[in-house]
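Structure file model_19.csv; described as CSV, C-alpha atoms.
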```
chain,number,residue,atom,x,y,z
A,151,MET,CA,132.8,29.6,227.6
A,152,GLU,CA,132.9,27.7,224.4
A,153,LYS,CA,129.1,27.9,224.4
A,154,GLU,CA,129.2,31.7,224.6
A,155,ILE,CA,131.8,31.9,221.9
A,156,GLY,CA,129.6,29.6,219.7
A,157,SER,CA,126.6,31.8,220.3
A,158,LEU,CA,128.6,35.0,219.5
A,159,ASN,CA,129.9,33.4,216.3
A,160,LYS,CA,126.4,32.6,215.4
A,161,LYS,CA,125.2,36.2,216.1
A,162,VAL,CA,128.2,37.5,214.1
A,163,GLU,CA,127.2,35.3,211.2
A,164,GLU,CA,123.6,36.4,211.5
A,165,PHE,CA,124.7,40.0,211.6
A,166,LEU,CA,127.0,39.5,208.5
A,167,HIS,CA,124.1,37.8,206.7
A,168,ILE,CA,121.8,40.6,207.5
A,169,PHE,CA,124.5,43.1,206.6
A,170,LYS,CA,125.0,41.3,203.3
A,171,LYS,CA,121.3,41.3,202.6
A,172,GLY,CA,121.3,45.0,203.4
A,173,GLU,CA,124.2,45.6,201.0
A,174,GLU,CA,122.4,43.6,198.3
A,175,PHE,CA,119.2,45.6,198.9
A,176,THR,CA,121.2,48.9,198.8
A,177,GLN,CA,122.8,47.8,195.6
A,178,GLU,CA,119.4,47.0,194.2
A,179,LEU,CA,118.1,50.3,195.3
A,180,LEU,CA,121.0,52.1,193.6
A,181,ARG,CA,120.4,50.1,190.4
A,182,GLU,CA,116.7,50.9,190.5
A,183,ASN,CA,117.5,54.6,191.2
A,184,GLU,CA,119.8,54.6,188.2
A,185,LYS,CA,117.1,53.0,186.0
A,186,LEU,CA,114.6,55.6,187.2
A,187,ARG,CA,116.9,58.5,186.6
A,188,TYR,CA,117.5,57.1,183.1
A,189,ARG,CA,113.8,56.8,182.5
A,190,VAL,CA,113.3,60.4,183.8
A,191,ALA,CA,116.0,61.6,181.5
A,192,GLN,CA,114.3,59.7,178.6
A,193,LEU,CA,110.9,61.2,179.4
A,194,GLU,CA,112.3,64.7,179.7
A,195,GLU,CA,113.9,64.2,176.3
A,196,MET,CA,110.7,62.9,174.8
A,197,THR,CA,108.7,65.8,176.3
A,198,LYS,CA,111.2,68.2,174.8
A,199,THR,CA,110.9,66.6,171.4
A,200,SER,CA,107.2,66.4,171.4
A,201,GLY,CA,107.0,70.0,172.5
A,202,ARG,CA,109.0,71.0,169.4
A,203,GLU,CA,106.9,68.8,167.2
A,204,GLY,CA,103.7,70.3,168.7
A,205,ASN,CA,105.0,73.8,168.0
A,206,LEU,CA,105.7,72.8,164.5
A,207,ILE,CA,102.3,71.3,164.0
A,208,ARG,CA,100.6,74.3,165.6
A,209,ASP,CA,102.6,76.7,163.4
A,210,SER,CA,101.8,74.7,160.3
A,211,LEU,CA,98.1,74.6,161.2
A,212,GLU,CA,98.1,78.3,161.9
A,213,GLU,CA,99.6,78.9,158.5
A,214,ARG,CA,97.0,76.7,156.9
A,215,ILE,CA,94.2,78.6,158.7
A,216,ALA,CA,95.6,81.9,157.6
A,217,SER,CA,95.9,80.7,154.0
A,218,LEU,CA,92.3,79.3,154.1
A,219,GLU,CA,91.0,82.5,155.6
A,220,GLU,CA,92.8,84.4,152.8
A,221,GLU,CA,91.3,82.0,150.2
A,222,ASN,CA,87.9,82.4,151.8
A,223,LYS,CA,88.2,86.1,151.7
A,224,SER,CA,89.3,86.0,148.1
A,225,LEU,CA,86.4,83.6,147.2
A,226,LEU,CA,83.9,85.9,149.0
A,227,GLU,CA,85.3,88.8,147.0
A,228,ARG,CA,85.0,86.8,143.7
A,229,TYR,CA,81.5,85.7,144.7
A,230,ARG,CA,80.5,89.4,145.3
A,231,GLN,CA,82.1,90.2,141.9
A,232,VAL,CA,80.2,87.4,140.2
A,233,GLU,CA,77.0,88.4,141.9
A,234,GLU,CA,77.5,92.0,140.6
A,235,GLU,CA,78.3,90.7,137.2
A,236,ASN,CA,75.2,88.5,137.4
A,237,LYS,CA,73.0,91.5,138.3
A,238,ASP,CA,74.6,93.4,135.5
A,239,PHE,CA,73.9,90.5,133.1
A,240,ALA,CA,70.3,90.2,134.3
A,241,SER,CA,69.7,93.9,133.7
A,242,ARG,CA,71.5,93.7,130.3
A,243,TYR,CA,69.3,90.7,129.5
A,244,ILE,CA,66.2,92.7,130.2
A,245,GLU,CA,67.5,95.6,128.2
A,246,VAL,CA,68.4,93.3,125.3
A,247,GLU,CA,65.0,91.6,125.5
A,248,ALA,CA,63.2,95.0,125.4
A,249,GLU,CA,65.5,96.1,122.5
A,250,ASN,CA,64.7,92.8,120.7
A,251,ASN,CA,61.0,93.3,121.1
A,252,ASN,CA,61.3,96.9,119.9
A,253,LEU,CA,63.3,95.8,116.9
A,254,ALA,CA,60.6,93.1,116.2
A,255,ASN,CA,57.9,95.9,116.3
A,256,LEU,CA,60.0,98.0,114.0
A,257,TYR,CA,60.8,95.1,111.6
A,258,VAL,CA,57.2,94.1,111.4
A,259,ALA,CA,56.0,97.7,110.8
A,260,SER,CA,58.5,98.4,108.1
A,261,TYR,CA,58.0,94.9,106.5
A,262,GLN,CA,54.3,95.5,106.3
A,263,LEU,CA,54.7,99.1,105.0
A,264,HIS,CA,56.8,97.9,102.1
A,265,SER,CA,54.7,94.8,101.4
A,266,THR,CA,52.4,96.5,98.9
A,267,LEU,CA,52.3,99.0,96.0
A,268,ASP,CA,48.6,99.7,96.5
A,269,PHE,CA,48.0,103.2,97.9
A,270,ASN,CA,44.8,102.3,99.8
A,271,GLU,CA,46.5,99.2,101.3
A,272,SER,CA,49.5,101.3,102.3
A,273,LEU,CA,47.1,103.7,104.1
A,274,LYS,CA,45.4,100.7,105.8
A,275,ILE,CA,48.7,99.4,107.0
A,276,ILE,CA,49.7,102.8,108.5
A,277,LEU,CA,46.4,102.9,110.3
A,278,GLU,CA,47.0,99.4,111.7
A,279,ILE,CA,50.5,100.3,112.9
A,280,VAL,CA,49.3,103.5,114.6
A,281,MET,CA,46.4,101.8,116.2
A,282,ASN,CA,47.9,98.4,117.1
A,283,LEU,CA,51.5,99.1,117.7
A,284,ILE,CA,51.3,102.6,119.1
A,285,GLY,CA,47.9,102.4,120.7
A,286,ALA,CA,46.1,105.4,119.2
A,287,GLU,CA,42.3,105.6,119.2
A,288,GLU,CA,41.7,108.8,117.2
A,289,PHE,CA,44.1,109.7,114.5
A,290,SER,CA,44.4,110.6,110.8
A,291,ILE,CA,46.8,110.5,107.9
A,292,MET,CA,46.9,113.8,106.0
A,293,MET,CA,48.4,114.3,102.5
A,294,LEU,CA,49.7,117.6,101.1
A,295,ASP,CA,48.3,118.8,97.8
A,296,GLU,CA,51.3,120.7,96.4
A,297,ARG,CA,49.2,122.7,94.0
A,298,THR,CA,47.0,124.2,96.8
A,299,ASN,CA,49.5,123.8,99.6
A,300,GLU,CA,46.7,122.3,101.7
A,301,LEU,CA,46.6,119.2,103.9
A,302,SER,CA,43.6,116.9,103.7
A,303,ILE,CA,42.7,113.8,105.6
A,304,VAL,CA,43.1,110.7,103.4
A,305,ALA,CA,42.5,108.1,106.1
A,306,GLN,CA,41.4,108.3,109.7
A,307,GLU,CA,40.3,106.1,112.6
A,308,GLY,CA,37.9,107.0,115.4
A,309,MET,CA,37.2,110.5,114.2
A,310,GLY,CA,33.6,109.9,113.2
A,311,PRO,CA,31.9,110.7,109.9
A,312,GLU,CA,32.2,114.5,110.0
A,313,ILE,CA,34.2,116.3,107.3
A,314,HIS,CA,37.3,118.1,108.5
A,315,ASP,CA,38.4,121.2,106.6
A,316,PRO,CA,41.8,121.1,104.8
A,317,ILE,CA,44.7,122.8,106.7
A,318,LYS,CA,46.9,125.3,104.9
A,319,ILE,CA,50.7,124.7,105.2
A,320,GLY,CA,52.0,126.7,108.1
A,321,GLU,CA,48.6,127.0,109.7
A,322,GLY,CA,48.2,125.9,113.3
A,323,ILE,CA,50.2,123.0,114.9
A,324,ILE,CA,49.6,120.5,112.0
A,325,GLY,CA,50.4,123.1,109.2
A,326,GLU,CA,53.5,124.2,111.1
A,327,VAL,CA,54.7,120.6,111.5
A,328,VAL,CA,54.4,120.1,107.7
A,329,ARG,CA,56.1,123.5,107.0
A,330,ALA,CA,59.0,122.9,109.3
A,331,GLY,CA,59.3,119.2,108.8
A,332,GLU,CA,59.7,118.7,112.6
A,333,ALA,CA,57.6,116.3,114.7
A,334,TYR,CA,55.3,117.8,117.4
A,335,TYR,CA,54.7,116.1,120.8
A,336,ARG,CA,52.3,117.9,123.1
A,337,GLU,CA,53.8,118.4,126.6
A,338,GLY,CA,52.3,116.8,129.7
A,339,ASP,CA,50.2,113.7,130.3
A,340,PRO,CA,48.9,112.3,127.0
A,341,THR,CA,45.8,111.0,128.7
A,342,ASP,CA,44.9,114.4,130.1
A,343,LEU,CA,42.2,115.2,127.6
A,344,LYS,CA,39.2,117.5,128.0
A,345,GLY,CA,37.5,116.4,124.8
A,346,VAL,CA,39.4,115.9,121.5
A,347,ASP,CA,40.4,119.1,119.9
A,348,TYR,CA,41.3,118.5,116.3
A,349,ALA,CA,43.4,121.7,116.1
A,350,HIS,CA,45.5,120.6,119.1
A,351,PRO,CA,46.7,117.1,118.5
A,352,LEU,CA,48.8,115.0,120.9
A,353,VAL,CA,51.3,114.1,118.3
A,354,SER,CA,51.9,115.2,114.7
A,355,ILE,CA,54.6,113.5,112.6
A,356,PRO,CA,55.6,114.9,109.2
A,357,LEU,CA,55.8,112.3,106.4
A,358,LYS,CA,59.2,113.1,104.8
A,359,ILE,CA,61.2,111.8,101.9
A,360,LYS,CA,64.6,113.3,102.8
A,361,GLU,CA,63.6,116.9,103.3
A,362,HIS,CA,60.5,116.8,101.2
A,363,VAL,CA,57.3,116.7,103.4
A,364,ILE,CA,54.4,115.0,101.7
A,365,GLY,CA,51.9,114.8,104.6
A,366,ALA,CA,51.5,114.1,108.3
A,367,ILE,CA,50.2,111.5,110.7
A,368,VAL,CA,48.2,113.2,113.4
A,369,ILE,CA,47.2,111.6,116.7
A,370,TYR,CA,44.4,113.2,118.8
A,371,LYS,CA,43.6,110.5,121.4
A,372,LEU,CA,45.2,107.3,122.8
A,373,LEU,CA,43.4,104.0,123.7
A,374,ILE,CA,42.1,104.0,127.3
A,375,GLN,CA,44.8,101.5,128.3
A,376,LYS,CA,47.6,103.5,126.8
A,377,THR,CA,48.8,105.9,129.5
A,378,GLN,CA,52.1,107.1,128.1
A,379,PHE,CA,54.5,106.9,125.2
A,380,SER,CA,57.4,104.5,125.5
A,381,ASN,CA,60.8,104.5,123.8
A,382,VAL,CA,59.6,102.2,121.0
A,383,ASP,CA,56.7,104.6,120.2
A,384,PHE,CA,59.2,107.3,119.5
A,385,GLU,CA,61.2,104.9,117.4
A,386,LEU,CA,58.0,103.9,115.5
A,387,PHE,CA,57.2,107.6,115.0
A,388,SER,CA,60.6,108.2,113.6
A,389,MET,CA,60.4,105.1,111.4
A,390,LEU,CA,56.9,106.0,110.2
A,391,ALA,CA,58.1,109.5,109.3
A,392,GLY,CA,60.4,108.1,106.6
A,393,HIS,CA,59.0,104.6,105.7
A,394,ALA,CA,55.3,105.5,105.6
A,395,ALA,CA,56.2,108.5,103.4
A,396,THR,CA,58.1,106.3,101.0
A,397,ALA,CA,55.4,103.7,101.0
A,398,LEU,CA,52.7,106.2,100.3
A,399,PHE,CA,54.7,108.1,97.7
A,400,SER,CA,55.8,105.0,95.8
A,401,SER,CA,52.4,103.4,95.9
A,402,LYS,CA,50.8,106.6,94.6
A,403,LEU,CA,53.4,106.8,91.8
A,404,TYR,CA,52.8,103.2,91.0
A,405,SER,CA,49.0,103.7,90.8
A,406,GLN,CA,49.5,106.8,88.6
A,407,SER,CA,51.9,105.0,86.3
A,408,GLU,CA,49.5,102.0,86.1
A,409,ARG,CA,46.7,104.4,85.1
A,410,LYS,CA,49.0,106.2,82.5
A,411,LEU,CA,50.1,102.9,81.1
A,412,SER,CA,46.5,101.7,80.7
A,413,THR,CA,45.6,105.0,79.0
A,414,ILE,CA,48.6,104.7,76.6
A,415,GLN,CA,47.8,101.1,76.0
A,416,SER,CA,44.2,102.2,75.1
A,417,PHE,CA,45.6,104.8,72.7
A,418,LEU,CA,47.9,102.3,71.1
A,419,ASP,CA,45.0,99.8,70.7
A,420,LEU,CA,42.9,102.6,69.1
A,421,LEU,CA,45.7,103.5,66.7
A,422,LYS,CA,46.2,99.9,65.7
A,423,GLU,CA,42.5,99.6,65.1
A,424,LYS,CA,42.5,102.7,62.8
A,425,GLN,CA,45.5,101.4,60.8
B,40,MET,CA,60.5,68.7,122.9
B,41,PRO,CA,56.7,69.0,123.1
B,42,GLU,CA,55.0,70.7,120.1
B,43,ASN,CA,52.9,73.7,120.9
B,44,ASN,CA,50.3,74.5,118.3
B,45,PHE,CA,48.9,78.1,118.3
B,46,LEU,CA,46.1,79.5,116.2
B,47,VAL,CA,46.4,83.3,115.8
B,48,VAL,CA,43.1,84.9,114.7
B,49,GLU,CA,43.6,88.5,113.5
B,50,ASP,CA,42.4,90.5,110.5
B,51,SER,CA,45.5,92.8,110.7
B,52,PRO,CA,48.5,91.2,108.9
B,53,THR,CA,50.8,93.5,111.0
B,54,MET,CA,49.4,92.1,114.3
B,55,ARG,CA,49.4,88.6,112.9
B,56,GLN,CA,53.1,88.8,112.1
B,57,LEU,CA,53.9,90.5,115.4
B,58,ILE,CA,52.1,87.8,117.5
B,59,THR,CA,53.6,85.0,115.3
B,60,PHE,CA,57.0,86.5,115.9
B,61,ALA,CA,56.5,86.5,119.6
B,62,LEU,CA,55.1,83.0,119.7
B,63,LYS,CA,57.9,81.6,117.6
B,64,ARG,CA,60.2,82.3,120.6
B,65,ILE,CA,58.5,79.5,122.6
B,66,PRO,CA,60.4,76.2,121.9
B,67,GLY,CA,58.5,73.8,119.7
B,68,SER,CA,55.9,76.3,118.6
B,69,ARG,CA,53.9,76.0,115.4
B,70,VAL,CA,51.8,79.0,114.5
B,71,VAL,CA,48.8,78.9,112.1
B,72,GLU,CA,47.2,82.2,111.1
B,73,ALA,CA,43.5,82.9,110.4
B,74,ASN,CA,41.9,86.2,109.1
B,75,ASP,CA,38.7,86.0,111.0
B,76,GLY,CA,36.4,83.8,113.1
B,77,ILE,CA,35.1,81.7,110.2
B,78,ASP,CA,38.6,81.1,108.9
B,79,ALA,CA,39.6,80.1,112.4
B,80,LEU,CA,36.7,77.6,112.7
B,81,LYS,CA,37.7,76.0,109.4
B,82,LYS,CA,41.3,75.5,110.7
B,83,LEU,CA,40.0,74.3,114.1
B,84,SER,CA,38.0,71.6,112.3
B,85,THR,CA,41.0,70.1,110.6
B,86,GLN,CA,44.0,70.7,113.0
B,87,LYS,CA,44.7,70.4,116.7
B,88,PHE,CA,45.6,73.5,118.6
B,89,ASP,CA,47.0,74.0,122.2
B,90,VAL,CA,46.0,77.7,122.4
B,91,ILE,CA,43.9,80.1,120.4
B,92,LEU,CA,44.9,83.8,120.4
B,93,THR,CA,42.1,86.0,118.9
B,94,ASP,CA,41.3,89.6,118.2
B,95,ILE,CA,37.8,90.9,118.9
B,96,ASN,CA,37.1,93.3,116.1
B,97,MET,CA,37.2,91.3,112.9
B,98,PRO,CA,35.0,91.2,109.8
B,99,ILE,CA,32.7,88.2,109.0
B,100,MET,CA,32.9,86.7,112.5
B,101,ASP,CA,34.3,88.6,115.5
B,102,GLY,CA,36.4,87.2,118.3
B,103,LEU,CA,33.6,87.1,120.9
B,104,LYS,CA,31.4,85.0,118.6
B,105,LEU,CA,34.4,82.7,118.0
B,106,VAL,CA,35.0,82.4,121.8
B,107,SER,CA,31.4,81.5,122.3
B,108,MET,CA,31.3,79.0,119.5
B,109,VAL,CA,34.5,77.3,120.7
B,110,ARG,CA,33.2,77.1,124.3
B,111,ASN,CA,29.9,75.5,123.1
B,112,ASP,CA,31.6,72.9,120.9
B,113,PRO,CA,32.1,69.6,122.7
B,114,VAL,CA,35.4,68.8,120.9
B,115,LEU,CA,37.0,72.3,121.0
B,116,LYS,CA,35.7,73.6,124.4
B,117,ALA,CA,38.8,72.7,126.3
B,118,ILE,CA,41.2,74.8,124.2
B,119,PRO,CA,42.5,77.8,126.1
B,120,ILE,CA,41.7,81.1,124.5
B,121,VAL,CA,43.6,84.4,124.8
B,122,ILE,CA,41.9,87.6,123.6
B,123,ILE,CA,44.2,90.3,122.2
B,124,THR,CA,42.3,93.5,121.5
B,125,THR,CA,42.3,97.3,121.4
B,126,GLU,CA,39.2,97.2,123.6
B,127,GLY,CA,40.9,97.9,126.9
B,128,ALA,CA,38.0,99.0,129.1
B,129,GLU,CA,37.3,96.9,132.2
B,130,GLU,CA,33.8,96.0,131.1
B,131,ASP,CA,35.2,94.6,127.8
B,132,ARG,CA,37.7,92.5,129.7
B,133,LYS,CA,35.0,91.1,132.0
B,134,ARG,CA,32.8,90.4,129.0
B,135,GLY,CA,35.5,88.5,127.2
B,136,LEU,CA,36.4,86.5,130.3
B,137,ALA,CA,32.7,85.8,131.1
B,138,LEU,CA,32.4,84.2,127.6
B,139,GLY,CA,35.1,81.8,128.5
B,140,ALA,CA,38.4,83.3,127.5
B,141,ASN,CA,41.3,82.3,129.7
B,142,ALA,CA,43.2,85.6,129.4
B,143,TYR,CA,42.6,89.1,128.1
B,144,ILE,CA,45.5,91.3,126.7
B,145,ALA,CA,44.9,94.9,125.6
B,146,LYS,CA,46.8,96.3,122.6
B,147,PRO,CA,49.4,97.5,122.1
B,148,ILE,CA,50.9,94.2,123.3
B,149,GLN,CA,54.2,93.8,125.2
B,150,THR,CA,55.9,90.6,123.9
B,151,ALA,CA,57.0,89.7,127.5
B,152,ASP,CA,53.4,89.9,128.8
B,153,LEU,CA,52.1,87.9,125.9
B,154,LEU,CA,54.7,85.2,126.4
B,155,ASN,CA,54.1,85.1,130.2
B,156,VAL,CA,50.4,84.6,129.7
B,157,VAL,CA,50.9,81.9,127.0
B,158,ASN,CA,53.6,80.1,129.0
B,159,GLN,CA,51.3,80.1,132.1
B,160,ILE,CA,48.5,78.5,130.1
B,161,LEU,CA,50.8,75.9,128.7
B,162,GLN,CA,52.1,75.1,132.2
B,163,ASN,CA,48.6,74.7,133.5
B,164,LYS,CA,47.7,72.4,130.6
B,165,ALA,CA,50.7,70.1,131.2
```

Any chance you could put this one into structure tokens?
Amino acid sequence: MEKEIGSLNKKVEEFLHIFKKGEEFTQELLRENEKLRYRVAQLEEMTKTSGREGNLIRDSLEERIASLEEENKSLLERYRQVEEENKDFASRYIEVEAENNNLANLYVASYQLHSTLDFNESLKIILEIVMNLIGAEEFSIMMLDERTNELSIVAQEGMGPEIHDPIKIGEGIIGEVVRAGEAYYREGDPTDLKGVDYAHPLVSIPLKIKEHVIGAIVIYKLLIQKTQFSNVDFELFSMLAGHAATALFSSKLYSQSERKLSTIQSFLDLLKEKQ
Amino acid sequence: MPENNFLVVEDSPTMRQLITFALKRIPGSRVVEANDGIDALKKLSTQKFDVILTDINMPIMDGLKLVSMVRNDPVLKAIPIVIITTEGAEEDRKRGLALGANAYIAKPIQTADLLNVVNQILQNKA
């Protein structure tokens, strides 16, 4: 009996021990569960926070992209504007270059025209300008004789040795140009020539000092390589109309005054000798 | 800046002045003018030139004779020559180039064309 009681006590103790262990294990499980719940809560909080931060970063990046796109658009617009301006400048540069070259031609022509007081040299310079700067092959310079009202050739290029009759003022194209004081340009292609007709020039420019016409430059044929008149040619015609007239008129006056001076000087010398 | 020495051979003072005007736009350019072929040969014997620009129709010695003499001279033969003339026919151009000219420009000249030709020659020389 005592043996049985001892065995029962032993079993009770074993049971209590196992129960205690179970209690401890349960306690531990509860603690672990608590820890895990805390960790879950922590993680949930972190997720919430990082989600908010992510949204903030995304929003800021989207803003930045939008601003960069805007900047890009504006830069492209500016680039297009600059490109347009560049094109405009390039075409302006070409225009200015052409203008510059035209002015150089006009400057040289007028400089040369007024570089002498010798009538024949003035004629030579006009011939040079018409041939080299305009590109004429057959042309003449005609002067008006105010006593007879007739125009005669005083210098020519490429027209051969034959004598050309004087032209009365108002007669034909050339006479009319001198009478009216207005330049004549034949219509159509200047290279379309069926032989040179001296009564029908390509161009006839009156040589005028203000409204007073003293002669004309008459062009009949252009050089083979000259196919059309350019803007500078018309500028040169206009310049020649005035400056060539002044150069011829002043050099003629100078020659006449030189001759008169020489005659007077001779008279004076003669008088001195007689005294 | 390299110095570019040009010899302009022209009997017309108007053309001489116009060509000189154009050439002066090339940086470092120095232009010497001659009235005809003989005058040009005199200047070529005493000065060094990078390019000769010559007319054809000139008194005393014409441009074609000058081209031929320069090309047959052992000292001068390498100097590039540009002919500038009123003779614009194709056969004239061929004749000028056959004699040894490097380029042929028909008058009336366009400054831009003249400068293009001369700049090309200077680039090829460099």

Do me a favour and pick out the residues of chain A within 7 Å of chain B, using only C-alpha atoms, as a short mmCIF file (atom, residue, chain, number, x, y, z; two decimals) with C-alpha atoms, keeping the file's coordinate frame.
```
data_model
loop_
_atom_site.label_atom_id
_atom_site.label_comp_id
_atom_site.auth_asym_id
_atom_site.auth_seq_id
_atom_site.Cartn_x
_atom_site.Cartn_y
_atom_site.Cartn_z
CA ASN A 251 61.00 93.30 121.10
CA ASN A 255 57.90 95.90 116.30
CA VAL A 258 57.20 94.10 111.40
CA ALA A 259 56.00 97.70 110.80
CA GLN A 262 54.30 95.50 106.30
CA GLU A 278 47.00 99.40 111.70
CA ASN A 282 47.90 98.40 117.10
CA LEU A 283 51.50 99.10 117.70
CA ILE A 284 51.30 102.60 119.10
CA GLY A 285 47.90 102.40 120.70
CA ILE A 374 42.10 104.00 127.30
CA GLN A 375 44.80 101.50 128.30
#
```

Please measure the separation of atom CA of Lys160 of chain A and atom CA of Gly172 of chain A, giving the value in Å to one decimal.
18.0 Å

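The space separating atom CA of Phe399 of chain A from atom CA of Ser260 of chain A comes to 14.7 Å.
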
Find the residues around Asn96 of chain B up to 9 Å (only C-alpha atoms counted), leave out those fewer than 2 positions away in its own chain, and share them as a PyMOL selection string.
chain B and resi 49-50+94+98+100-103+124-126

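You will find atom CA of Met389 of chain A at 18.8 Å from atom CA of Ile324 of chain A.
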
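Compared by their closest atoms to Ser84 of chain B, and using all atoms listed in the file, the residues B:Arg69, B:Lys104, B:Arg134, B:Asp112 rank with B:Asp112 nearest.
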
Set the distance at 6 Å and use only C-alpha atoms: which residues neighbour Ser68 of chain B once local chain neighbours fewer than 6 positions away are removed? I'd like the list as number ranges by chain.
B: 42-44

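Nearest to Asn163 of chain B of all the residues B:Tyr143, B:Val114, B:Ile99, B:Asp89 is B:Asp89, counting all atoms listed in the file.
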
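Distances here use all atoms listed in the file; by that measure, the residue among B:Met97, B:Ile77, B:Asn111, B:Ile144 closest to Arg132 of chain B is B:Ile144.
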
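Distance check against Glu247 of chain A using only C-alpha atoms: of B:Arg64, B:Lys81, B:Thr59, B:Phe45, the minimum falls on B:Arg64.
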
Return segment 66-82 of chain B, completed with N, CA and C atoms, as a PDB file, in the coordinates of the input.
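Result file rebuild.pdb:
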```
ATOM      1  N   PRO B  66      59.808  77.417 122.577  1.00  0.00           N
ATOM      2  CA  PRO B  66      60.400  76.200 121.900  1.00  0.00           C
ATOM      3  C   PRO B  66      59.267  75.268 121.455  1.00  0.00           C
ATOM      4  N   GLY B  67      59.458  74.739 120.268  1.00  0.00           N
ATOM      5  CA  GLY B  67      58.500  73.800 119.700  1.00  0.00           C
ATOM      6  C   GLY B  67      57.214  74.369 119.234  1.00  0.00           C
ATOM      7  N   SER B  68      57.216  75.680 118.979  1.00  0.00           N
ATOM      8  CA  SER B  68      55.900  76.300 118.600  1.00  0.00           C
ATOM      9  C   SER B  68      55.672  76.187 117.093  1.00  0.00           C
ATOM     10  N   ARG B  69      54.396  76.025 116.784  1.00  0.00           N
ATOM     11  CA  ARG B  69      53.900  76.000 115.400  1.00  0.00           C
ATOM     12  C   ARG B  69      52.751  76.947 115.346  1.00  0.00           C
ATOM     13  N   VAL B  70      52.825  77.939 114.480  1.00  0.00           N
ATOM     14  CA  VAL B  70      51.800  79.000 114.500  1.00  0.00           C
ATOM     15  C   VAL B  70      50.990  78.899 113.153  1.00  0.00           C
ATOM     16  N   VAL B  71      49.666  78.844 113.282  1.00  0.00           N
ATOM     17  CA  VAL B  71      48.800  78.900 112.100  1.00  0.00           C
ATOM     18  C   VAL B  71      47.985  80.197 112.238  1.00  0.00           C
ATOM     19  N   GLU B  72      47.846  80.904 111.104  1.00  0.00           N
ATOM     20  CA  GLU B  72      47.200  82.200 111.100  1.00  0.00           C
ATOM     21  C   GLU B  72      45.784  82.102 110.484  1.00  0.00           C
ATOM     22  N   ALA B  73      44.819  82.833 111.045  1.00  0.00           N
ATOM     23  CA  ALA B  73      43.500  82.900 110.400  1.00  0.00           C
ATOM     24  C   ALA B  73      43.064  84.376 110.400  1.00  0.00           C
ATOM     25  N   ASN B  74      42.315  84.755 109.327  1.00  0.00           N
ATOM     26  CA  ASN B  74      41.900  86.200 109.100  1.00  0.00           C
ATOM     27  C   ASN B  74      40.745  86.607 109.961  1.00  0.00           C
ATOM     28  N   ASP B  75      39.886  85.652 110.288  1.00  0.00           N
ATOM     29  CA  ASP B  75      38.700  86.000 111.000  1.00  0.00           C
ATOM     30  C   ASP B  75      38.102  84.732 111.694  1.00  0.00           C
ATOM     31  N   GLY B  76      36.945  84.882 112.345  1.00  0.00           N
ATOM     32  CA  GLY B  76      36.400  83.800 113.100  1.00  0.00           C
ATOM     33  C   GLY B  76      36.026  82.563 112.232  1.00  0.00           C
ATOM     34  N   ILE B  77      35.468  82.812 111.044  1.00  0.00           N
ATOM     35  CA  ILE B  77      35.100  81.700 110.200  1.00  0.00           C
ATOM     36  C   ILE B  77      36.322  80.926 109.701  1.00  0.00           C
ATOM     37  N   ASP B  78      37.324  81.682 109.297  1.00  0.00           N
ATOM     38  CA  ASP B  78      38.600  81.100 108.900  1.00  0.00           C
ATOM     39  C   ASP B  78      39.177  80.233 110.031  1.00  0.00           C
ATOM     40  N   ALA B  79      39.054  80.776 111.253  1.00  0.00           N
ATOM     41  CA  ALA B  79      39.600  80.100 112.400  1.00  0.00           C
ATOM     42  C   ALA B  79      38.809  78.751 112.645  1.00  0.00           C
ATOM     43  N   LEU B  80      37.478  78.795 112.530  1.00  0.00           N
ATOM     44  CA  LEU B  80      36.700  77.600 112.700  1.00  0.00           C
ATOM     45  C   LEU B  80      37.037  76.499 111.711  1.00  0.00           C
ATOM     46  N   LYS B  81      37.306  76.951 110.468  1.00  0.00           N
ATOM     47  CA  LYS B  81      37.700  76.000 109.400  1.00  0.00           C
ATOM     48  C   LYS B  81      39.000  75.304 109.838  1.00  0.00           C
ATOM     49  N   LYS B  82      39.957  76.094 110.319  1.00  0.00           N
ATOM     50  CA  LYS B  82      41.300  75.500 110.700  1.00  0.00           C
ATOM     51  C   LYS B  82      41.124  74.653 111.953  1.00  0.00           C
TER      52      LYS B  82
END
```
